[in-house]
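File shown: data_10.txt (compact mmCIF, C-alpha atoms and all ligand atoms).
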# COMPACT_ATOMS: atom_id res chain seq x y z
CA MET A 195 0.00 0.00 0.00
CA THR A 196 1.50 3.31 -0.98
CA GLU A 197 1.81 6.04 1.60
CA ARG A 198 -1.09 8.40 1.05
CA ARG A 199 0.63 11.50 2.32
CA LEU A 200 2.83 13.44 -0.07
CA SER A 201 6.52 13.72 0.65
CA ASP A 202 8.22 17.12 0.42
CA ALA A 203 9.78 16.03 -2.87
CA GLU A 204 6.37 15.14 -4.27
CA ARG A 205 4.82 18.35 -3.02
CA ALA A 206 7.53 20.30 -4.82
CA ARG A 207 7.22 18.24 -8.01
CA TYR A 208 3.45 18.64 -8.31
CA GLU A 209 3.27 22.22 -7.02
CA TRP A 210 1.90 23.78 -10.21
CA GLN A 211 -0.96 21.29 -10.56
CA ILE A 212 -1.72 21.39 -6.83
CA TRP A 213 -2.39 25.09 -7.42
CA THR A 214 -5.45 24.09 -9.49
CA PRO A 215 -8.11 25.45 -7.12
CA ASP A 216 -10.29 22.34 -6.90
CA VAL A 217 -7.36 19.89 -6.92
CA GLY A 218 -5.10 21.00 -4.09
CA GLU A 219 -3.07 18.60 -2.01
CA GLN A 220 -6.11 16.42 -1.46
CA GLY A 221 -6.55 15.93 -5.19
CA GLN A 222 -2.90 15.10 -5.56
CA GLN A 223 -3.24 12.45 -2.86
CA LYS A 224 -6.09 10.90 -4.84
CA LEU A 225 -3.83 10.69 -7.89
CA LYS A 226 -1.11 9.11 -5.77
CA GLN A 227 -3.49 6.45 -4.50
CA ALA A 228 -4.77 5.63 -7.98
CA SER A 229 -3.76 3.02 -10.51
CA VAL A 230 -4.25 3.13 -14.27
CA LEU A 231 -3.78 0.50 -16.99
CA VAL A 232 -2.54 1.69 -20.37
CA SER A 233 -2.85 -0.87 -23.13
CA ARG A 234 -0.06 -0.33 -25.68
CA LEU A 235 2.51 2.39 -25.37
CA GLY A 236 2.46 3.59 -28.95
CA GLY A 237 1.81 7.08 -30.23
CA VAL A 238 -1.26 7.47 -28.04
CA GLY A 239 -0.57 5.14 -25.12
CA GLY A 240 3.07 6.11 -24.67
CA THR A 241 2.15 9.76 -24.38
CA VAL A 242 -0.73 8.85 -22.07
CA ALA A 243 1.70 6.96 -19.81
CA TYR A 244 4.17 9.85 -19.89
CA TYR A 245 1.61 12.43 -18.76
CA LEU A 246 0.10 10.06 -16.19
CA ALA A 247 3.58 9.59 -14.74
CA ALA A 248 4.21 13.33 -14.84
CA ALA A 249 0.91 13.91 -13.00
CA GLY A 250 1.91 11.53 -10.22
CA ILE A 251 -0.53 8.64 -10.67
CA GLY A 252 0.56 6.17 -7.98
CA ARG A 253 0.76 3.01 -10.05
CA LEU A 254 0.83 2.42 -13.78
CA VAL A 255 0.22 -0.99 -15.30
CA LEU A 256 1.65 -0.90 -18.81
CA ALA A 257 1.06 -3.55 -21.47
CA HIS A 258 2.98 -3.62 -24.72
CA ALA A 259 4.69 -6.44 -26.63
CA GLY A 260 7.37 -6.32 -29.29
CA ASN A 261 10.61 -4.51 -30.03
CA VAL A 262 11.21 -0.91 -31.06
CA LYS A 263 11.06 -0.40 -34.84
CA PRO A 264 12.22 2.62 -36.86
CA SER A 265 8.61 3.33 -37.86
CA ASP A 266 7.63 3.70 -34.17
CA LEU A 267 9.82 6.74 -33.68
CA ASN A 268 7.69 9.43 -35.36
CA ARG A 269 5.15 9.21 -32.56
CA GLN A 270 6.09 6.74 -29.82
CA LEU A 271 7.91 9.15 -27.54
CA LEU A 272 8.83 6.51 -24.95
CA MET A 273 10.87 4.68 -27.59
CA THR A 274 14.35 5.94 -28.41
CA THR A 275 16.74 5.47 -31.32
CA ASP A 276 19.32 3.68 -29.17
CA TRP A 277 16.65 1.13 -28.20
CA LEU A 278 15.88 -0.01 -31.78
CA GLY A 279 15.44 -3.77 -31.88
CA LYS A 280 15.07 -4.02 -28.10
CA PRO A 281 11.83 -4.51 -26.12
CA ARG A 282 9.47 -1.55 -26.21
CA ILE A 283 8.34 -2.18 -22.66
CA GLU A 284 11.93 -1.74 -21.40
CA SER A 285 12.36 1.53 -23.27
CA ALA A 286 9.07 2.77 -21.87
CA GLU A 287 9.94 1.77 -18.32
CA ARG A 288 13.34 3.46 -18.52
CA ARG A 289 11.89 6.71 -19.86
CA LEU A 290 9.10 6.82 -17.28
CA ARG A 291 11.53 6.16 -14.41
CA GLU A 292 13.77 8.96 -15.66
CA LEU A 293 10.80 11.29 -15.61
CA ASN A 294 9.26 10.33 -12.29
CA PRO A 295 10.79 7.82 -9.86
CA HIS A 296 7.87 8.30 -7.46
CA VAL A 297 5.50 6.35 -9.70
CA GLU A 298 5.26 2.58 -9.28
CA LEU A 299 5.49 0.88 -12.65
CA VAL A 300 4.14 -2.56 -13.48
CA PRO A 301 5.54 -3.34 -16.93
CA VAL A 302 3.90 -6.21 -18.81
CA GLY A 303 5.74 -7.28 -21.94
CA GLU A 304 2.64 -8.55 -23.70
CA ASN A 305 -0.38 -6.97 -25.30
CA LEU A 306 -3.78 -7.13 -23.71
CA SER A 307 -5.81 -10.13 -24.90
CA PRO A 308 -8.92 -12.08 -23.91
CA ASP A 309 -6.55 -14.27 -21.83
CA ASN A 310 -5.09 -11.54 -19.62
CA ALA A 311 -7.69 -8.74 -19.84
CA ALA A 312 -9.61 -9.54 -16.64
CA GLU A 313 -6.42 -9.92 -14.62
CA LEU A 314 -4.85 -6.68 -15.91
CA VAL A 315 -8.04 -4.64 -15.57
CA GLY A 316 -8.46 -6.10 -12.07
CA GLN A 317 -5.24 -4.41 -10.97
CA VAL A 318 -6.36 -0.83 -11.62
CA ASP A 319 -9.02 1.85 -11.08
CA ILE A 320 -9.19 3.17 -14.67
CA VAL A 321 -8.17 1.85 -18.09
CA VAL A 322 -6.96 3.80 -21.12
CA ASP A 323 -7.45 2.12 -24.49
CA ALA A 324 -4.77 3.09 -26.97
CA ALA A 325 -4.67 -0.20 -28.86
CA PRO A 326 -4.82 -0.67 -32.62
CA LEU A 327 -6.69 -3.98 -32.81
CA TYR A 328 -10.36 -4.55 -32.17
CA GLU A 329 -9.94 -7.97 -30.53
CA GLU A 330 -7.76 -6.27 -27.96
CA ARG A 331 -10.11 -3.32 -27.53
CA PHE A 332 -13.15 -5.58 -27.20
CA ALA A 333 -11.37 -7.70 -24.56
CA MET A 334 -10.55 -4.56 -22.60
CA ASN A 335 -14.10 -3.28 -22.94
CA ALA A 336 -15.65 -6.55 -21.76
CA ALA A 337 -13.37 -6.66 -18.70
CA CYS A 338 -14.15 -3.02 -17.88
CA VAL A 339 -17.90 -3.57 -18.16
CA GLN A 340 -17.70 -6.69 -16.03
CA GLN A 341 -15.57 -5.00 -13.36
CA GLN A 342 -17.43 -1.66 -13.61
CA LYS A 343 -14.31 0.35 -14.41
CA PRO A 344 -14.13 3.45 -16.58
CA LEU A 345 -12.48 3.07 -19.97
CA VAL A 346 -11.04 6.13 -21.67
CA GLU A 347 -11.12 5.48 -25.39
CA CYS A 348 -8.81 7.33 -27.71
CA ALA A 349 -8.14 6.85 -31.38
CA MET A 350 -6.66 8.62 -34.37
CA TYR A 351 -6.25 8.54 -38.14
CA ASP A 352 -4.54 11.04 -40.40
CA LEU A 353 -5.20 14.44 -38.79
CA ASP A 354 -8.37 13.22 -37.08
CA ALA A 355 -8.77 12.00 -33.53
CA GLN A 356 -11.55 10.75 -31.31
CA LEU A 357 -12.09 10.60 -27.57
CA THR A 358 -14.81 9.40 -25.23
CA THR A 359 -15.00 8.17 -21.65
CA LEU A 360 -17.00 4.98 -21.22
CA ILE A 361 -18.46 4.49 -17.76
CA PRO A 362 -20.21 1.14 -17.20
CA GLY A 363 -23.85 1.56 -16.26
CA GLN A 364 -23.88 5.19 -17.35
CA THR A 365 -22.69 5.38 -20.93
CA PRO A 366 -22.50 3.15 -23.98
CA CYS A 367 -19.68 0.60 -24.00
CA LEU A 368 -17.30 0.07 -26.89
CA ALA A 369 -19.44 -2.76 -28.26
CA CYS A 370 -22.49 -0.46 -28.29
CA LEU A 371 -20.57 1.80 -30.66
CA TYR A 372 -18.92 -0.98 -32.66
CA PRO A 373 -20.85 -4.24 -32.35
CA GLN A 374 -18.38 -6.00 -34.67
CA SER A 375 -14.79 -5.56 -35.78
CA PRO A 376 -14.58 -3.50 -38.95
CA PRO A 377 -13.96 -5.74 -41.98
CA ASN A 378 -10.45 -5.76 -43.44
CA TRP A 379 -9.09 -3.76 -40.52
CA LYS A 380 -5.55 -2.43 -41.06
CA ARG A 381 -3.45 -1.89 -37.95
CA GLU A 382 -1.17 0.60 -39.72
CA PHE A 383 -2.37 3.98 -40.93
CA PRO A 384 -1.25 7.54 -41.66
CA VAL A 385 -0.62 9.71 -38.60
CA PHE A 386 1.69 12.35 -37.15
CA GLY A 387 3.05 12.13 -33.62
CA ALA A 388 1.56 15.53 -32.89
CA VAL A 389 -1.91 14.10 -33.54
CA SER A 390 -1.44 11.07 -31.28
CA GLY A 391 0.12 13.32 -28.64
CA MET A 392 -2.82 15.70 -28.72
CA ILE A 393 -5.46 13.05 -28.17
CA ALA A 394 -3.27 11.32 -25.57
CA SER A 395 -3.03 14.55 -23.58
CA MET A 396 -6.78 14.94 -23.66
CA ALA A 397 -7.22 11.33 -22.50
CA VAL A 398 -4.98 12.02 -19.50
CA VAL A 399 -7.09 15.04 -18.61
CA GLU A 400 -10.09 12.70 -18.59
CA VAL A 401 -8.28 10.35 -16.18
CA ILE A 402 -7.30 13.24 -13.91
CA LYS A 403 -10.90 14.49 -13.85
CA LEU A 404 -12.28 11.04 -13.03
CA LEU A 405 -9.78 10.52 -10.22
CA THR A 406 -9.97 13.96 -8.62
CA GLY A 407 -13.66 14.58 -9.32
CA ILE A 408 -13.03 17.96 -10.95
CA GLY A 409 -14.79 19.09 -14.13
CA GLU A 410 -17.07 16.86 -16.18
CA PRO A 411 -15.90 13.70 -17.87
CA LEU A 412 -16.64 13.21 -21.56
CA ALA A 413 -19.30 10.62 -20.74
CA GLY A 414 -22.10 9.85 -23.19
CA ARG A 415 -20.41 12.20 -25.63
CA MET A 416 -17.77 11.66 -28.26
CA GLN A 417 -15.30 14.34 -29.18
CA TRP A 418 -14.26 14.16 -32.82
CA ILE A 419 -11.41 16.45 -33.78
CA ASN A 420 -10.44 17.23 -37.34
CA LEU A 421 -7.11 19.02 -37.17
CA ARG A 422 -7.13 19.70 -40.91
CA THR A 423 -9.91 22.21 -40.36
CA MET A 424 -9.62 22.60 -36.57
CA ALA A 425 -13.26 21.51 -36.27
CA PHE A 426 -14.04 20.11 -32.82
CA ARG A 427 -17.35 18.27 -32.88
CA GLN A 428 -18.95 16.96 -29.73
CA LEU A 429 -21.55 14.30 -30.47
CA PRO A 430 -23.97 12.49 -28.20
CA ILE A 431 -23.61 8.71 -28.18
CA ALA A 432 -26.17 6.22 -26.98
CA ARG A 433 -26.31 2.69 -25.62
CA ARG A 434 -27.31 0.06 -28.12
CA GLU A 435 -30.31 -1.97 -27.15
CA GLY A 436 -29.40 -5.63 -26.80
CA CYS A 437 -25.65 -4.88 -26.73
CA ARG A 438 -23.79 -8.18 -26.44
CA VAL A 439 -21.55 -6.80 -23.68
CA CYS A 440 -23.48 -4.29 -21.57
CA GLY A 441 -27.07 -4.97 -22.62
CA MET B 300 -35.90 19.73 -53.20
CA LEU B 301 -33.76 17.46 -51.06
CA LYS B 302 -30.18 18.64 -50.72
CA ILE B 303 -28.13 16.71 -48.17
CA THR B 304 -24.64 17.59 -46.98
CA MET B 305 -22.48 14.53 -46.50
CA VAL B 306 -19.49 14.90 -44.16
CA TYR B 307 -16.76 12.29 -44.47
CA GLU B 308 -14.06 11.91 -41.83
CA ALA B 309 -10.82 9.92 -41.60
CA GLN B 310 -10.61 6.96 -44.04
CA LEU B 311 -13.93 7.92 -45.62
CA ARG B 312 -12.59 11.35 -46.56
CA GLU B 313 -9.64 9.64 -48.20
CA VAL B 314 -11.79 7.20 -50.16
CA ALA B 315 -14.45 9.78 -51.07
CA GLY B 316 -11.73 12.17 -52.20
CA GLN B 317 -13.47 15.01 -50.41
CA ALA B 318 -14.39 16.06 -46.89
CA GLU B 319 -17.88 17.25 -47.75
CA ALA B 320 -20.31 16.83 -50.58
CA VAL B 321 -23.74 18.31 -51.15
CA ILE B 322 -25.84 15.78 -52.96
CA ASP B 323 -29.22 15.94 -54.57
CA ALA B 324 -31.22 13.22 -52.86
CA GLU B 325 -34.56 13.83 -54.54
CA GLY B 326 -36.55 10.61 -54.42
CA VAL B 327 -34.42 9.08 -51.67
CA GLY B 328 -36.80 7.90 -48.98
CA SER B 329 -34.62 7.22 -45.95
CA LEU B 330 -31.17 7.49 -44.43
CA LEU B 331 -30.44 3.89 -45.42
CA GLU B 332 -31.48 4.61 -49.01
CA LEU B 333 -29.25 7.70 -49.01
CA LEU B 334 -26.20 5.67 -48.04
CA GLN B 335 -27.11 2.99 -50.56
CA HIS B 336 -27.38 5.75 -53.18
CA VAL B 337 -23.94 7.14 -52.24
CA ALA B 338 -22.45 3.64 -52.21
CA GLY B 339 -23.89 3.05 -55.67
CA GLN B 340 -21.98 6.04 -57.00
CA ASN B 341 -18.61 5.12 -55.49
CA GLU B 342 -17.56 1.47 -55.52
CA GLN B 343 -14.68 2.15 -53.13
CA LEU B 344 -16.95 3.74 -50.57
CA ARG B 345 -19.47 0.93 -50.69
CA PRO B 346 -17.64 -1.57 -48.42
CA ARG B 347 -16.99 1.20 -45.91
CA LEU B 348 -20.66 2.13 -45.69
CA LEU B 349 -22.62 -1.05 -46.26
CA ALA B 350 -22.38 -4.65 -45.21
CA GLU B 351 -22.65 -7.32 -47.88
CA ASN B 352 -26.39 -7.66 -47.22
CA GLY B 353 -26.91 -3.98 -48.09
CA GLU B 354 -27.54 -2.90 -44.49
CA LEU B 355 -25.37 -0.28 -42.79
CA LEU B 356 -21.89 -1.47 -41.87
CA PRO B 357 -22.06 -2.27 -38.12
CA SER B 358 -18.85 -0.36 -37.33
CA LEU B 359 -19.95 2.90 -39.00
CA LEU B 360 -21.20 5.72 -36.77
CA VAL B 361 -23.94 7.78 -38.43
CA PHE B 362 -25.22 11.17 -37.25
CA VAL B 363 -27.94 13.32 -38.76
CA ASN B 364 -27.58 16.95 -37.72
CA ASP B 365 -25.16 15.76 -35.03
CA GLN B 366 -27.68 13.31 -33.50
CA PRO B 367 -26.79 9.61 -33.56
CA VAL B 368 -28.97 7.26 -35.57
CA GLU B 369 -29.12 3.64 -34.47
CA HIS B 370 -28.62 1.36 -37.44
CA SER B 371 -31.90 -0.45 -36.93
CA ALA B 372 -33.67 2.91 -37.36
CA ALA B 373 -31.89 3.94 -40.58
CA ALA B 374 -34.48 2.47 -42.92
CA ALA B 375 -37.25 4.43 -41.20
CA ARG B 376 -35.28 7.65 -40.73
CA SER B 377 -36.51 10.20 -43.26
CA LEU B 378 -34.44 13.18 -44.30
CA ALA B 379 -35.25 16.84 -44.82
CA ASP B 380 -33.78 19.38 -47.19
CA GLY B 381 -30.63 20.87 -45.63
CA ASP B 382 -29.85 17.92 -43.35
CA THR B 383 -26.22 17.07 -42.66
CA VAL B 384 -25.20 13.43 -42.50
CA LEU B 385 -21.92 12.88 -40.68
CA LEU B 386 -20.15 9.56 -41.14
CA LEU B 387 -17.47 8.48 -38.69
CA PRO B 388 -15.55 5.34 -39.62
CA PRO B 389 -13.86 3.27 -36.89
CA ILE B 390 -10.38 4.48 -35.97
CA SER B 391 -7.93 3.29 -33.32
CA GLY B 392 -4.78 3.85 -31.34
CA GLY B 393 -1.40 2.72 -32.55
ZN ZN C 1 -22.63 -1.98 -24.78

The structure given in the file should be rewritten as structure tokens.
Amino acid sequence: MTERRLSDAERARYEWQIWTPDVGEQGQQKLKQASVLVSRLGGVGGTVAYYLAAAGIGRLVLAHAGNVKPSDLNRQLLMTTDWLGKPRIESAERRLRELNPHVELVPVGENLSPDNAAELVGQVDIVVDAAPLYEERFAMNAACVQQQKPLVECAMYDLDAQLTTLIPGQTPCLACLYPQSPPNWKREFPVFGAVSGMIASMAVVEVIKLLTGIGEPLAGRMQWINLRTMAFRQLPIARREGCRVCG
Amino acid sequence: MLKITMVYEAQLREVAGQAEAVIDAEGVGSLLELLQHVAGQNEQLRPRLLAENGELLPSLLVFVNDQPVEHSAAAARSLADGDTVLLLPPISGG
């Protein structure tokens, strides 16, 4: 069990965010006591993990398989050139420790799957979905619905990005929105790191709001952002009757 | 007169070759018919809008004037002149 009280070093590190009027030291303690699972540490998830660590989330469970590839480096800011060919999860762990040694890291060198989803989700308070494959996203969604844990969903393509916070019992689940995997799904697509970083930052703000209770989470609403035109659309989303997961 | 503004995002914008299109939908009776009409004019768009049975693709999010339309209601959803149909294809992290 982590010590709830903040040390002097932590108080100094988080000073600027503790100044947020409705966060204060109490809010910071809530972040310290919290745990978050990030599935995949790519362009979105890596930046999510980085800002969660910077914000002082107490424990991060991080799932990502594979080794660093050259094509990761335009957006996966936890991966470095000197780590090419070596495990992504090690690069991520090293970078997060460099940033904030106060955060407890639980690195998992495999991707989330139907086999490990319940166990990984069971370790945390909130989950952030930054995964490219629907099987993985559906497994995460099912575990979150079953365990009644919020799932912050972020996605991107080209200069577009999408965000919503799924809260079991209150909002649609991922399977309400997408009852089946899209046909011929491609896991690789055009994107800039600045686009993944933008939506990742917004996802972390959602996590901070859920944990501290400030603001209003993006629940029952989907934010669609087109950075080509700078159009920010907020759309209502609804539960699907007879949903195979939450219905 | 039945002019409908179609808004395509992400992969759909790429395949449609445009972000927006105003189409003349005179004679089109429902939202489902509209998408079938659009799919009929662009073979590459078709598999991204419709399933093989001609119904809406389950993973497509459809909004009329920024309100979501459940797929089972698309065949009964009528359209009015000036409506905007927004199509959001599935996207992901990575
Ligand atoms: Zn559902």

Residues within 8 Å of ligand ZN 1 (chain C), counting all atoms listed in the file, as a PDB file with C-alpha atoms, in the coordinates of the input:
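Result saved to selection-v2.pdb:
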ATOM      1  CA  PRO A 366     -22.500   3.150 -23.980  1.00  0.00           C
ATOM      2  CA  CYS A 367     -19.680   0.600 -24.000  1.00  0.00           C
ATOM      3  CA  LEU A 368     -17.300   0.070 -26.890  1.00  0.00           C
ATOM      4  CA  ALA A 369     -19.440  -2.760 -28.260  1.00  0.00           C
ATOM      5  CA  CYS A 370     -22.490  -0.460 -28.290  1.00  0.00           C
ATOM      6  CA  LEU A 371     -20.570   1.800 -30.660  1.00  0.00           C
ATOM      7  CA  ARG A 433     -26.310   2.690 -25.620  1.00  0.00           C
ATOM      8  CA  ARG A 434     -27.310   0.060 -28.120  1.00  0.00           C
ATOM      9  CA  GLY A 436     -29.400  -5.630 -26.800  1.00  0.00           C
ATOM     10  CA  CYS A 437     -25.650  -4.880 -26.730  1.00  0.00           C
ATOM     11  CA  ARG A 438     -23.790  -8.180 -26.440  1.00  0.00           C
ATOM     12  CA  VAL A 439     -21.550  -6.800 -23.680  1.00  0.00           C
ATOM     13  CA  CYS A 440     -23.480  -4.290 -21.570  1.00  0.00           C
ATOM     14  CA  GLY A 441     -27.070  -4.970 -22.620  1.00  0.00           C
TER      15      GLY A 441
END

Residues around (-9.6, 7.2, -19.1), cut-off 9 Å, counting only C-alpha atoms - what are they as a PyMOL selection string?
chain A and resi 230+320-323+344-348+358-360+397-402+404

Dump C-alpha atoms for the selected residues as a compact mmCIF listing (two decimals), in the frame of the given file?
# COMPACT_ATOMS: atom_id res chain seq x y z
CA VAL A 230 -4.25 3.13 -14.27
CA ILE A 320 -9.19 3.17 -14.67
CA VAL A 321 -8.17 1.85 -18.09
CA VAL A 322 -6.96 3.80 -21.12
CA ASP A 323 -7.45 2.12 -24.49
CA PRO A 344 -14.13 3.45 -16.58
CA LEU A 345 -12.48 3.07 -19.97
CA VAL A 346 -11.04 6.13 -21.67
CA GLU A 347 -11.12 5.48 -25.39
CA CYS A 348 -8.81 7.33 -27.71
CA THR A 358 -14.81 9.40 -25.23
CA THR A 359 -15.00 8.17 -21.65
CA LEU A 360 -17.00 4.98 -21.22
CA ALA A 397 -7.22 11.33 -22.50
CA VAL A 398 -4.98 12.02 -19.50
CA VAL A 399 -7.09 15.04 -18.61
CA GLU A 400 -10.09 12.70 -18.59
CA VAL A 401 -8.28 10.35 -16.18
CA ILE A 402 -7.30 13.24 -13.91
CA LEU A 404 -12.28 11.04 -13.03

Proximal residues of chain A relative to chain B (only C-alpha atoms; 7 Å) as a ChimeraX atom specification
/A:236-238,324-326,348-352,354,372-376,429-431

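Nearest to Val339 of chain A of all the residues A:Gln428, A:Gln317, A:Gln417, A:Gln364 is A:Gln364, counting all atoms listed in the file.
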
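Between atom CA of Leu267 of chain A and atom CA of Asn420 of chain A lies a distance of 23.1 Å.
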
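Of the listed residues (B:Leu330, B:Val363, B:Ala318, B:Met300), B:Leu330 comes nearest to Leu348 of chain B; the distances count all atoms listed in the file.
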
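Here atom CA of Ala248 of chain A and atom CA of Leu293 of chain A stand 6.9 Å from one another.
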
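The spacing separating atom CA of Gly303 of chain A from atom CA of Ala259 of chain A amounts to 4.9 Å.
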
Excluding Ala374 of chain B and its own-chain neighbours fewer than 5 positions away, which residues fall within 9 Å of it when counting all atoms listed in the file? Please give them as a VMD selection string.
chain B and resid 328 to 332 354

Centre and edge lengths, as JSON, for the axis-aligned box enclosing every listed atom of segment 331-345 of chain B with 6 Å of padding on each of the six sides, in Å to one decimal?
{"center_x": -23.1, "center_y": 4.3, "center_z": -51.2, "size_x": 28.8, "size_y": 18.8, "size_z": 23.6}

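Closest approach to Met273 of chain A among A:Tyr244, A:Phe332, A:Phe383, A:Trp210 is made by A:Tyr244 (distances from all atoms listed in the file).
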
Taking 4 positions as the minimum chain separation for residues in the same chain, which residues sit within 10 Å of Asp216 of chain A when counting all atoms listed in the file? Answer as a compact mmCIF listing (two decimals) with C-alpha atoms, in the coordinates of the input.
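Result file around_30.txt:
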# COMPACT_ATOMS: atom_id res chain seq x y z
CA ILE A 212 -1.72 21.39 -6.83
CA GLN A 220 -6.11 16.42 -1.46
CA GLY A 221 -6.55 15.93 -5.19
CA THR A 406 -9.97 13.96 -8.62
CA GLY A 407 -13.66 14.58 -9.32
CA ILE A 408 -13.03 17.96 -10.95
CA GLY A 409 -14.79 19.09 -14.13

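You can rank A:Gln222, A:Thr423, A:Ser229, A:Ser285 by their closest distance to Lys343 of chain A using all atoms listed in the file, and at the top of that list sits A:Ser229.
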
Nearest to Leu386 of chain B, restricted to only C-alpha atoms and choosing among B:Ala372, B:Val314, B:Val361, B:Leu301, comes out as B:Val361

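Residue nearest Leu349 of chain B, chosen from A:Ser233, A:Pro377, A:Ala432, A:Asn261 and counting all atoms listed in the file: A:Pro377.
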